[in-house]
>>> print(open('upload04.pdb').read())   # PDB, C-alpha atoms
ATOM      1  CA  MET P 252      77.696 102.500 126.462
ATOM      2  CA  VAL P 253      74.897 104.056 124.437
ATOM      3  CA  ALA P 254      76.233 107.562 125.079
ATOM      4  CA  PHE P 255      79.718 106.485 124.023
ATOM      5  CA  ALA P 256      78.364 104.921 120.826
ATOM      6  CA  LEU P 257      76.348 108.061 120.079
ATOM      7  CA  VAL P 258      79.396 110.298 120.446
ATOM      8  CA  TRP P 259      81.625 107.876 118.497
ATOM      9  CA  PHE P 260      79.298 107.519 115.512
ATOM     10  CA  ALA P 261      78.552 111.245 115.438
ATOM     11  CA  ALA P 262      82.297 111.938 115.305
ATOM     12  CA  LEU P 263      82.731 109.401 112.493
ATOM     13  CA  ALA P 264      79.870 110.963 110.540
ATOM     14  CA  LEU P 265      81.362 114.444 110.887
ATOM     15  CA  LEU P 266      84.794 113.187 109.859
ATOM     16  CA  ALA P 267      83.371 111.409 106.815
ATOM     17  CA  ASP P 268      81.438 114.545 105.878
ATOM     18  CA  ARG P 269      84.551 116.715 106.120
ATOM     19  CA  LEU P 270      86.673 114.262 104.132
ATOM     20  CA  GLY P 271      83.925 113.290 101.678
ATOM     21  CA  ARG P 272      85.208 115.103  98.614
ATOM     22  CA  TRP P 273      88.752 113.921  99.203
ATOM     23  CA  LEU P 274      87.640 110.312  99.743
ATOM     24  CA  ARG P 275      85.616 110.318  96.514
ATOM     25  CA  ARG P 276      88.560 111.340  94.349
ATOM     26  CA  PRO P 277      89.523 108.469  92.013
ATOM     27  CA  ARG P 278      93.170 108.509  93.055
ATOM     28  CA  THR P 279      92.338 108.396  96.759
ATOM     29  CA  ALA P 280      89.707 105.687  96.288
ATOM     30  CA  ARG P 281      92.205 103.570  94.336
ATOM     31  CA  ALA P 282      94.818 103.993  97.055
ATOM     32  CA  ILE P 283      92.342 102.970  99.773
ATOM     33  CA  GLU P 284      91.221  99.941  97.781
ATOM     34  CA  GLY P 285      94.821  98.964  97.082
ATOM     35  CA  GLY P 286      95.782  99.264 100.737
ATOM     36  CA  SER P 287      92.758  97.228 101.762
ATOM     37  CA  GLY P 288      93.620  94.582  99.190
ATOM     38  CA  VAL P 289      97.193  94.303 100.443
ATOM     39  CA  ALA P 290      96.026  94.057 104.068
ATOM     40  CA  LEU P 291      93.433  91.381 103.291
ATOM     41  CA  THR P 292      95.899  89.418 101.166
ATOM     42  CA  GLY P 293      98.422  89.518 104.006
ATOM     43  CA  LEU P 294      95.787  88.359 106.488
ATOM     44  CA  GLY P 295      94.762  85.533 104.173
ATOM     45  CA  LEU P 296      98.354  84.401 103.740
ATOM     46  CA  ALA P 297      98.887  84.483 107.508
ATOM     47  CA  LEU P 298      95.781  82.366 108.029
ATOM     48  CA  VAL P 299      96.829  79.843 105.399
ATOM     49  CA  THR P 300     100.490  79.554 106.373
ATOM     50  CA  GLY P 301      99.976  79.773 110.148
ATOM     51  CA  PRO P 302      98.996  76.125 110.646
ATOM     52  CA  LEU P 303     101.654  74.990 108.178
ATOM     53  CA  LEU P 304     104.474  76.613 110.139
ATOM     54  CA  ARG P 305     103.573  75.054 113.483
TER      55      ARG P 305
END
>>> encode(input="upload04.pdb", output="structure tokens")
Amino acid sequence: MVAFALVWFAALALLADRLGRWLRRPRTARAIEGGSGVALTGLGLALVTGPLLR
């Protein structure tokens, strides 16, 4: 498990390093934040309306 985690986090670090400039662009950051906001809003609505629909 430790070896898997080491490989996984090393791969994530390399990916973030390679995509760093692109991820820091204002347009990209806004798109990521917008997508996250939509996903979290959808999850919140599902949690609120789930018990009401049963």
>>> atom_distance(input="upload04.pdb", atom1="atom CA of Arg272 of chain P", atom2="atom CA of Ala290 of chain P")
24.3 Å
>>> atom_distance(input="upload04.pdb", atom1="atom CA of Arg276 of chain P", atom2="atom CA of Ala256 of chain P")
29.1 Å
>>> atom_distance(input="upload04.pdb", atom1="atom CA of Leu303 of chain P", atom2="atom CA of Glu284 of chain P")
29.0 Å
